[in-house]
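Printed here is input.cif (mmCIF, C-alpha atoms):
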```
data_model
#
loop_
_atom_site.label_atom_id
_atom_site.label_comp_id
_atom_site.auth_asym_id
_atom_site.auth_seq_id
_atom_site.Cartn_x
_atom_site.Cartn_y
_atom_site.Cartn_z
CA MET A 1 -182.51 -146.99 61.46
CA ARG A 2 -181.07 -150.52 61.37
CA PHE A 3 -183.51 -152.57 63.49
CA SER A 4 -187.22 -152.31 64.25
CA LEU A 5 -188.40 -154.56 67.08
CA VAL A 6 -192.18 -154.97 67.03
CA ILE A 7 -193.56 -156.42 70.28
CA ALA A 8 -197.23 -157.24 70.81
CA THR A 9 -197.89 -157.39 74.55
CA ILE A 10 -200.61 -157.64 77.14
CA ASP A 11 -200.19 -157.68 80.94
CA ARG A 12 -196.52 -158.65 80.97
CA VAL A 13 -194.73 -155.65 82.41
CA LYS A 14 -192.20 -157.67 84.44
CA GLU A 15 -191.38 -159.91 81.49
CA LEU A 16 -190.98 -156.96 79.13
CA LYS A 17 -188.63 -155.28 81.62
CA LYS A 18 -186.41 -158.39 81.53
CA PHE A 19 -186.42 -158.26 77.75
CA PHE A 20 -185.34 -154.61 77.88
CA GLU A 21 -182.56 -155.50 80.32
CA GLY A 22 -181.27 -158.02 77.79
CA LEU A 23 -181.63 -155.50 75.00
CA GLU A 24 -179.45 -153.04 76.95
CA LYS A 25 -176.55 -155.52 76.71
CA GLN A 26 -176.55 -155.51 72.90
CA LYS A 27 -173.59 -153.78 71.27
CA THR A 28 -175.79 -152.63 68.43
CA LYS A 29 -177.77 -149.56 69.53
CA ASP A 30 -179.19 -148.53 66.17
CA LEU A 31 -182.71 -149.68 66.86
CA GLU A 32 -186.26 -148.69 67.66
CA VAL A 33 -188.83 -150.57 69.73
CA ILE A 34 -192.50 -150.56 68.78
CA ILE A 35 -194.74 -151.63 71.66
CA VAL A 36 -198.17 -152.75 70.51
CA ASP A 37 -200.10 -152.51 73.76
CA GLN A 38 -203.28 -154.58 74.03
CA SER A 39 -203.81 -154.01 77.76
CA GLY A 40 -206.29 -151.14 77.58
CA ASP A 41 -204.69 -149.18 80.45
CA ASP A 42 -201.46 -147.38 81.42
CA ARG A 43 -199.52 -150.26 82.98
CA TYR A 44 -196.62 -149.94 80.50
CA VAL A 45 -196.22 -146.16 80.65
CA GLU A 46 -193.63 -146.04 83.46
CA LEU A 47 -191.50 -148.79 81.90
CA ILE A 48 -191.57 -147.10 78.52
CA GLU A 49 -190.59 -143.74 80.01
CA GLN A 50 -187.62 -145.42 81.72
CA TYR A 51 -186.23 -147.08 78.60
CA ASN A 52 -187.21 -144.45 76.07
CA LYS A 53 -184.06 -142.65 77.18
CA ILE A 54 -181.93 -145.47 75.72
CA TRP A 55 -183.62 -146.10 72.35
CA PRO A 56 -186.72 -144.63 70.76
CA ILE A 57 -189.86 -146.46 71.82
CA ILE A 58 -193.07 -146.04 69.86
CA HIS A 59 -196.06 -146.92 72.02
CA VAL A 60 -199.22 -147.77 70.11
CA ARG A 61 -202.45 -149.20 71.47
CA THR A 62 -204.88 -151.60 69.87
CA GLY A 63 -207.92 -153.61 70.83
CA LYS A 64 -206.94 -156.34 68.37
CA MET A 65 -206.37 -159.45 70.44
CA LYS A 66 -204.84 -161.55 67.67
CA VAL A 67 -201.06 -161.38 68.02
CA ARG A 68 -200.31 -161.14 64.30
CA ALA A 69 -203.00 -158.54 63.68
CA ALA A 70 -201.34 -156.54 66.45
CA THR A 71 -197.82 -156.96 65.06
CA VAL A 72 -198.95 -156.08 61.55
CA PHE A 73 -200.49 -152.92 63.01
CA GLY A 74 -197.21 -152.11 64.75
CA THR A 75 -195.13 -152.83 61.68
CA GLU A 76 -196.81 -149.93 59.91
CA LYS A 77 -194.79 -147.66 62.22
CA ALA A 78 -191.44 -149.39 61.55
CA THR A 79 -188.59 -147.52 59.87
CA GLY A 80 -185.73 -150.03 60.29
CA ASP A 81 -183.99 -151.92 57.50
CA ILE A 82 -184.44 -155.16 59.47
CA ILE A 83 -187.64 -156.03 61.27
CA THR A 84 -188.16 -158.60 64.01
CA PHE A 85 -190.97 -159.69 66.33
CA PRO A 86 -189.71 -160.72 69.79
CA ASP A 87 -192.17 -162.20 72.27
CA ASP A 88 -192.66 -160.03 75.33
CA ASP A 89 -191.31 -162.84 77.53
CA CYS A 90 -188.20 -163.77 75.57
CA ILE A 91 -184.63 -162.56 76.25
CA TYR A 92 -181.89 -161.83 73.72
CA THR A 93 -178.46 -163.23 74.48
CA PRO A 94 -175.84 -160.43 74.35
CA THR A 95 -174.67 -160.75 70.72
CA VAL A 96 -177.96 -161.40 68.91
CA LEU A 97 -178.30 -158.09 67.06
CA GLU A 98 -174.58 -157.95 66.27
CA GLN A 99 -174.73 -161.44 64.72
CA VAL A 100 -177.81 -160.60 62.68
CA ASP A 101 -176.22 -157.39 61.42
CA GLN A 102 -173.15 -159.35 60.30
CA HIS A 103 -175.31 -161.82 58.37
CA PHE A 104 -177.12 -159.06 56.53
CA ARG A 105 -173.80 -157.38 55.64
CA SER A 106 -172.11 -160.60 54.49
CA LYS A 107 -171.19 -161.38 50.88
CA GLU A 108 -174.03 -163.89 50.51
CA ALA A 109 -176.45 -161.84 52.57
CA PRO A 110 -179.75 -163.59 53.31
CA GLN A 111 -183.02 -161.67 53.39
CA PHE A 112 -184.09 -163.39 56.58
CA VAL A 113 -182.17 -165.00 59.43
CA THR A 114 -183.34 -167.35 62.17
CA GLY A 115 -181.68 -169.07 65.09
CA SER A 116 -181.85 -171.37 68.09
CA VAL A 117 -184.00 -171.39 71.21
CA VAL A 118 -182.98 -172.22 74.77
CA ASN A 119 -184.99 -171.96 77.97
CA LEU A 120 -184.37 -169.32 80.62
CA ASP A 121 -181.79 -171.58 82.29
CA GLY A 122 -179.83 -171.75 79.04
CA ASN A 123 -180.74 -175.38 78.41
CA PRO A 124 -182.24 -176.87 75.22
CA THR A 125 -185.90 -176.01 74.91
CA LYS A 126 -188.73 -178.51 75.07
CA MET A 127 -190.68 -176.41 72.58
CA GLY A 128 -190.52 -178.84 69.68
CA ARG A 129 -187.70 -180.18 67.50
CA TRP A 130 -185.10 -177.79 66.07
CA LEU A 131 -182.20 -177.90 63.64
CA THR A 132 -178.87 -178.68 65.27
CA SER A 133 -176.49 -177.13 62.73
CA SER A 134 -176.33 -173.90 60.77
CA THR A 135 -177.72 -174.16 57.26
CA TRP A 136 -179.60 -172.42 54.48
CA LEU A 137 -183.34 -172.82 54.83
CA ASN A 138 -185.58 -174.63 52.39
CA ALA A 139 -189.19 -175.78 52.18
CA LYS A 140 -188.44 -178.87 54.30
CA ASN A 141 -186.11 -177.76 57.07
CA ILE A 142 -187.91 -174.48 57.70
CA TRP A 143 -190.43 -176.39 59.84
CA THR A 144 -187.70 -177.07 62.42
CA GLY A 145 -185.62 -173.98 61.70
CA LEU A 146 -187.86 -170.96 62.23
CA ILE A 147 -189.77 -169.68 65.22
CA GLU A 148 -191.51 -166.31 65.27
CA PHE A 149 -189.63 -164.64 68.13
CA ASN A 150 -186.23 -165.44 66.59
CA VAL A 151 -186.60 -164.37 62.97
CA PHE A 152 -185.13 -161.21 61.46
CA VAL A 153 -186.39 -160.11 58.05
CA SER A 154 -185.43 -157.43 55.58
CA ARG A 155 -188.30 -154.96 55.82
CA ALA A 156 -188.37 -154.70 52.03
CA ALA A 157 -188.76 -158.50 51.70
CA TYR A 158 -191.35 -158.63 54.48
CA GLU A 159 -193.45 -155.97 52.80
CA ALA A 160 -193.03 -157.58 49.36
CA VAL A 161 -194.77 -160.79 50.50
CA GLY A 162 -197.48 -158.99 52.45
CA GLY A 163 -196.17 -159.68 55.96
CA TYR A 164 -197.75 -162.07 58.41
CA ASP A 165 -201.03 -163.82 57.70
CA THR A 166 -203.36 -162.33 60.33
CA ASP A 167 -205.60 -165.42 60.23
CA MET A 168 -202.73 -167.29 61.88
CA GLY A 169 -201.06 -167.09 65.28
CA LEU A 170 -202.23 -166.83 68.88
CA GLY A 171 -205.82 -165.60 69.08
CA ALA A 172 -206.67 -166.57 65.52
CA LYS A 173 -208.42 -169.73 64.28
CA PHE A 174 -205.15 -171.15 62.99
CA GLY A 175 -203.17 -170.63 66.17
CA ALA A 176 -199.56 -171.29 65.14
CA ALA A 177 -197.03 -171.73 62.30
CA GLU A 178 -197.34 -168.17 61.03
CA GLY A 179 -193.52 -168.01 61.11
CA PRO A 180 -192.91 -170.96 58.78
CA ASP A 181 -195.75 -169.66 56.60
CA LEU A 182 -193.99 -166.30 56.28
CA GLY A 183 -190.66 -168.03 55.61
CA LEU A 184 -192.13 -170.27 52.92
CA ARG A 185 -193.65 -167.30 51.14
CA LEU A 186 -190.30 -165.52 51.28
CA LEU A 187 -188.53 -168.56 49.83
CA LYS A 188 -191.12 -168.87 47.07
CA ARG A 189 -190.41 -165.27 46.04
CA GLY A 190 -186.71 -166.08 45.75
CA TYR A 191 -185.52 -164.60 49.03
CA LYS A 192 -182.81 -166.50 50.93
CA GLY A 193 -183.12 -167.57 54.56
CA TYR A 194 -180.38 -168.78 56.89
CA PHE A 195 -180.52 -170.68 60.19
CA ASP A 196 -177.65 -169.83 62.53
CA LYS A 197 -177.46 -172.27 65.45
CA ASN A 198 -175.34 -169.76 67.39
CA LEU A 199 -178.00 -167.05 67.16
CA VAL A 200 -179.64 -167.81 70.49
CA VAL A 201 -182.80 -166.37 72.02
CA MET A 202 -184.03 -167.44 75.45
CA HIS A 203 -187.69 -168.22 76.03
CA PRO A 204 -189.68 -169.85 78.85
CA ASP A 205 -190.40 -173.51 78.22
CA LYS A 206 -194.00 -174.50 77.64
CA PRO A 207 -195.12 -177.88 79.00
CA ILE A 208 -195.77 -180.43 76.29
CA THR A 209 -199.07 -181.41 77.92
CA ILE A 210 -200.78 -178.08 77.21
CA ASN A 211 -204.55 -178.23 77.31
CA GLY A 212 -206.58 -179.72 74.50
CA PRO A 213 -207.93 -176.50 72.92
CA ARG A 214 -204.42 -175.00 72.74
CA ALA A 215 -202.97 -178.17 71.21
CA ILE A 216 -205.76 -178.25 68.64
CA SER A 217 -205.26 -174.55 67.83
CA TYR A 218 -201.52 -175.04 67.32
CA GLY A 219 -202.24 -178.10 65.20
CA LEU A 220 -204.73 -176.14 63.10
CA GLY A 221 -202.04 -173.57 62.34
CA HIS A 222 -199.52 -176.18 61.29
CA GLY A 223 -201.95 -178.07 59.08
CA TYR A 224 -203.21 -174.89 57.46
CA ALA A 225 -199.68 -173.67 56.74
CA MET A 226 -198.70 -176.97 55.11
CA ARG A 227 -201.70 -177.02 52.79
CA LYS A 228 -201.59 -173.29 52.06
CA ASN A 229 -197.97 -173.54 50.95
CA ASN A 230 -198.43 -176.80 49.02
CA SER A 231 -195.93 -178.71 51.15
CA GLY A 232 -194.73 -182.02 49.73
CA LEU A 233 -196.41 -185.24 50.77
CA ASP A 234 -193.21 -186.33 52.53
CA THR A 235 -193.40 -183.28 54.81
CA VAL A 236 -197.14 -183.62 55.34
CA GLY A 237 -196.79 -187.34 56.08
CA VAL A 238 -194.15 -186.77 58.74
CA PHE A 239 -196.09 -184.05 60.54
CA LEU A 240 -199.35 -185.97 60.46
CA PHE A 241 -197.89 -189.36 61.35
CA ARG A 242 -195.59 -188.20 64.14
CA PRO A 243 -198.28 -186.96 66.57
CA LEU A 244 -200.48 -189.95 65.77
CA ALA A 245 -197.59 -192.26 66.63
CA GLY A 246 -196.89 -190.22 69.76
CA ALA A 247 -200.50 -190.60 70.90
CA PHE A 248 -200.37 -194.36 70.38
CA LEU A 249 -197.00 -194.89 72.12
CA ASN A 250 -197.92 -192.74 75.13
CA LEU A 251 -201.25 -194.49 75.44
CA ILE A 252 -199.39 -197.82 75.63
CA SER A 253 -197.06 -196.40 78.30
CA ARG A 254 -200.14 -195.06 80.13
CA ASP A 255 -199.15 -191.42 79.98
CA LYS A 256 -202.65 -190.14 79.27
CA LYS A 257 -201.73 -186.45 79.30
CA LYS A 258 -199.05 -186.81 76.63
CA ALA A 259 -201.22 -189.17 74.62
CA ALA A 260 -204.04 -186.61 74.67
CA TYR A 261 -201.67 -183.81 73.63
CA TYR A 262 -200.39 -185.74 70.61
CA TRP A 263 -203.91 -186.80 69.66
CA TYR A 264 -205.21 -183.23 69.81
CA THR A 265 -202.23 -182.10 67.73
CA PHE A 266 -203.02 -184.72 65.10
CA VAL A 267 -206.69 -183.72 65.08
CA GLY A 268 -205.84 -180.06 64.60
CA ARG A 269 -203.27 -180.64 61.86
CA SER A 270 -205.41 -183.04 59.86
CA LYS A 271 -208.59 -180.98 60.25
CA ALA A 272 -206.93 -177.82 58.95
CA TYR A 273 -204.99 -179.56 56.20
CA PHE A 274 -208.19 -180.91 54.68
CA SER A 275 -210.26 -177.78 55.37
CA LYS A 276 -211.94 -175.65 52.73
CA GLU A 277 -210.01 -172.58 53.92
CA ALA A 278 -206.67 -174.31 53.39
CA ARG A 279 -207.65 -175.53 49.92
CA ILE A 280 -208.66 -172.01 48.90
CA ALA A 281 -205.44 -170.53 50.33
CA ALA A 282 -203.38 -173.13 48.44
CA LYS A 283 -204.96 -172.11 45.15
CA LYS A 284 -204.10 -168.46 45.81
CA SER A 285 -200.47 -169.11 46.73
#
```
Entire entry expressed as structure tokens:
Amino acid sequence: MRFSLVIATIDRVKELKKFFEGLEKQKTKDLEVIIVDQSGDDRYVELIEQYNKIWPIIHVRTGKMKVRAATVFGTEKATGDIITFPDDDCIYTPTVLEQVDQHFRSKEAPQFVTGSVVNLDGNPTKMGRWLTSSTWLNAKNIWTGLIEFNVFVSRAAYEAVGGYDTDMGLGAKFGAAEGPDLGLRLLKRGYKGYFDKNLVVMHPDKPITINGPRAISYGLGHGYAMRKNNSGLDTVGVFLFRPLAGAFLNLISRDKKKAAYYWYTFVGRSKAYFSKEARIAAKKS
């Protein structure tokens, strides 16, 4: 098996169907799909029966409501050489798997590959800042070059670093940045990562003015990941100063929602960066 796609999902049957429709357009058919179902009922059964005729689908159920705990659970069933973790509401553009396969077969084959994000209209996403040219990843540019639903990892490399940190990601205390955390641990072990700007995955845009608790949770994840991986002070300074500056500038321009978002992001990042948990994790890394 070449690819294992591990998808944690809850109550998104229509969105998952659209993902499957995009997956049907891929030239590469050597794949398996592992659905980690957190819904607690049979809402996905009909959809799985429909598409199980095209590629093998492994349907597992879990009550774990943390997305990375769910994907780690699903990964235990994976048999592919390359593992990936698409969101249940993203869509692959038609050549994604073919491009990834070519990277892994190239002369300077990376052990993980990432790519770009556009919204469902095909326009640049508003979900943060991203690299604009293809490049090898390092401890600095990985923060704007890796997002969880568009990363493909050698299963051997993924397992060697222990996979995702289940204390990070949606539903966990540190609610984001589990992708960069995984990438940084891969780089530290000597594995190579590559960002391909032409490797495009579509994803719904999220409004920048998400509510306070979500902004804080995302910020907690980012701050924790920076401290855990002993990021340089230049990186830490940028990611702490930028939201603080954003809060100040938007307050001046009287955009209270954006100002609040940036402030909550700063609070989350700084709180986690200086937390006891992050200090302990940094000593272990």
Using only C-alpha atoms, pick whichever of A:Gly128, A:Gly145, A:Gly221, A:Gly183 has the shortest atom-to-atom distance to Gly162 in chain A.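 For Gly162 in chain A, the nearest of the given residues is A:Gly183.
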Report, in Å with one decimal, the straight-line distance from CA of Pro213 in chain A to CA of Glu178 in chain A.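 The value is 18.0 Å.
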Evaluate the PyMOL selection byres ((chain A and resi 218) around 9) here and jot the selected residues down as a list of chain:residue names. A:Gly169, A:Leu170, A:Phe174, A:Gly175, A:Ala176, A:Ala177, A:Pro213, A:Arg214, A:Ala215, A:Ile216, A:Ser217, A:Gly219, A:Leu220, A:Gly221, A:His222, A:Gly223, A:Thr265, A:Gly268, A:Arg269
Put those residues in a file: C-alpha atoms, as a PDB file, in the coordinates of the input.
```
ATOM      1  CA  GLY A 169    -201.060-167.090  65.280  1.00  0.00           C
ATOM      2  CA  LEU A 170    -202.230-166.830  68.880  1.00  0.00           C
ATOM      3  CA  PHE A 174    -205.150-171.150  62.990  1.00  0.00           C
ATOM      4  CA  GLY A 175    -203.170-170.630  66.170  1.00  0.00           C
ATOM      5  CA  ALA A 176    -199.560-171.290  65.140  1.00  0.00           C
ATOM      6  CA  ALA A 177    -197.030-171.730  62.300  1.00  0.00           C
ATOM      7  CA  PRO A 213    -207.930-176.500  72.920  1.00  0.00           C
ATOM      8  CA  ARG A 214    -204.420-175.000  72.740  1.00  0.00           C
ATOM      9  CA  ALA A 215    -202.970-178.170  71.210  1.00  0.00           C
ATOM     10  CA  ILE A 216    -205.760-178.250  68.640  1.00  0.00           C
ATOM     11  CA  SER A 217    -205.260-174.550  67.830  1.00  0.00           C
ATOM     12  CA  GLY A 219    -202.240-178.100  65.200  1.00  0.00           C
ATOM     13  CA  LEU A 220    -204.730-176.140  63.100  1.00  0.00           C
ATOM     14  CA  GLY A 221    -202.040-173.570  62.340  1.00  0.00           C
ATOM     15  CA  HIS A 222    -199.520-176.180  61.290  1.00  0.00           C
ATOM     16  CA  GLY A 223    -201.950-178.070  59.080  1.00  0.00           C
ATOM     17  CA  THR A 265    -202.230-182.100  67.730  1.00  0.00           C
ATOM     18  CA  GLY A 268    -205.840-180.060  64.600  1.00  0.00           C
ATOM     19  CA  ARG A 269    -203.270-180.640  61.860  1.00  0.00           C
TER      20      ARG A 269
END
```
Taking the file as shown, what set of residues would the PyMOL selection byres ((chain A and resi 192) around 9) give back, as a PyMOL selection string? chain A and resi 109-113+136-138+186-187+190-191+193-194
Taking the point (-189.9, -163.5, 79.8) as given in the file, collect each protein or nucleic acid residue that comes within 8 Å of it, counting all atoms listed in the file, and present the set as a PyMOL selection string. chain A and resi 14-16+18-19+87-91+203-204
State, in Å with one decimal place, the distance from CA of Val13 in chain A to CA of Ala78 in chain A. 22.0 Å
With the PyMOL selection byres ((chain A and resi 82) around 9) as the selection, what would be picked from this file? Answer as a ChimeraX atom specification, please. /A:1-5,79-81,83-84,101,104,112,152-156
Find the spatial neighbours of Asn123 in chain A, counting all atoms listed in the file, within a cut-off of 12 Å - ignore same-chain residues fewer than 5 positions away - and output them as a list in words.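 Here the answer would be Ser116, Val117, Val118, Val200, Val201, Met202, His203, Pro204 and Asp205 of chain A.
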Considering only C-alpha atoms, return as an MDAnalysis selection string whatever protein or nucleic-acid residues lie within 10 Å of Glu76 in chain A, sequence-local ones (same chain, fewer than 3 positions apart) excluded. chainID A and resid 6 34 71:73 79 159
Pairwise distance for CA of Gln38 in chain A and CA of Lys25 in chain A, rounded to one decimal in Å: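 According to the coordinates, CA of Gln38 in chain A and CA of Lys25 in chain A are separated by 26.9 Å.
Proximity to Ala272 in chain A was assessed for A:Ala69, A:Arg43, A:Gly212, A:Leu240 counting all atoms listed in the file; the smallest distance is recorded for A:Leu240.
Every protein, DNA or RNA residue with an atom at most 8 Å from Asn250 in chain A, where only C-alpha atoms count and chain neighbours fewer than 6 positions away do not, is listed here: Lys256, Lys258 and Ala259 of chain A.
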Write the residues of the preceding selection, restricted to C-alpha atoms, as a CSV table (one decimal), keeping the file's coordinate frame.
```csv
chain,number,residue,atom,x,y,z
A,256,LYS,CA,-202.6,-190.1,79.3
A,258,LYS,CA,-199.0,-186.8,76.6
A,259,ALA,CA,-201.2,-189.2,74.6
```
Please list as a ChimeraX atom specification every residue within 12 Å of Asp42 in chain A, counting only C-alpha atoms and excluding residues in the same chain fewer than 5 positions away. /A:10-11,13,37,47-49,59-61
Find, counting all atoms listed in the file, the residue in A:Gly115, A:Phe85, A:Phe20, A:Pro180 that gets nearest to His103 in chain A.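 Closest candidate: A:Gly115.
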Best match for closeness to Ser134 in chain A among A:Phe241, A:Tyr92, A:Tyr164, A:Phe195, counting all atoms listed in the file: A:Phe195
Of the candidates A:Thr9, A:Thr114, A:Gln102, A:Thr125, which shows the shortest atom-to-atom distance to Lys206 in chain A, using all atoms listed in the file?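 Closest residue, counting all atoms listed in the file: A:Thr125.
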Box in all listed atoms of range 114-132 of chain A, axis-aligned, with 5 Å more on each side; write out centre and edge lengths in Å to one decimal as lines of an AutoDock Vina configuration file.
```
center_x = -184.8
center_y = -173.8
center_z = 72.2
size_x = 21.8
size_y = 22.8
size_z = 30.1
```
So that I can see what lies close to Thr144 in chain A, please list as a PyMOL selection string the residues with an atom at most 6 Å from it, counting all atoms listed in the file and leaving out residues fewer than 4 positions away in the same chain. chain A and resi 129-131
Generate a file of the selected residues that holds C-alpha atoms, formatted as an mmCIF file, in the coordinates of the input.
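result.cif, freshly written:
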```cif
data_model
loop_
_atom_site.group_PDB
_atom_site.id
_atom_site.type_symbol
_atom_site.label_atom_id
_atom_site.label_comp_id
_atom_site.auth_asym_id
_atom_site.auth_seq_id
_atom_site.Cartn_x
_atom_site.Cartn_y
_atom_site.Cartn_z
ATOM 1 C CA ARG A 129 -187.700 -180.180 67.500
ATOM 2 C CA TRP A 130 -185.100 -177.790 66.070
ATOM 3 C CA LEU A 131 -182.200 -177.900 63.640
#
```
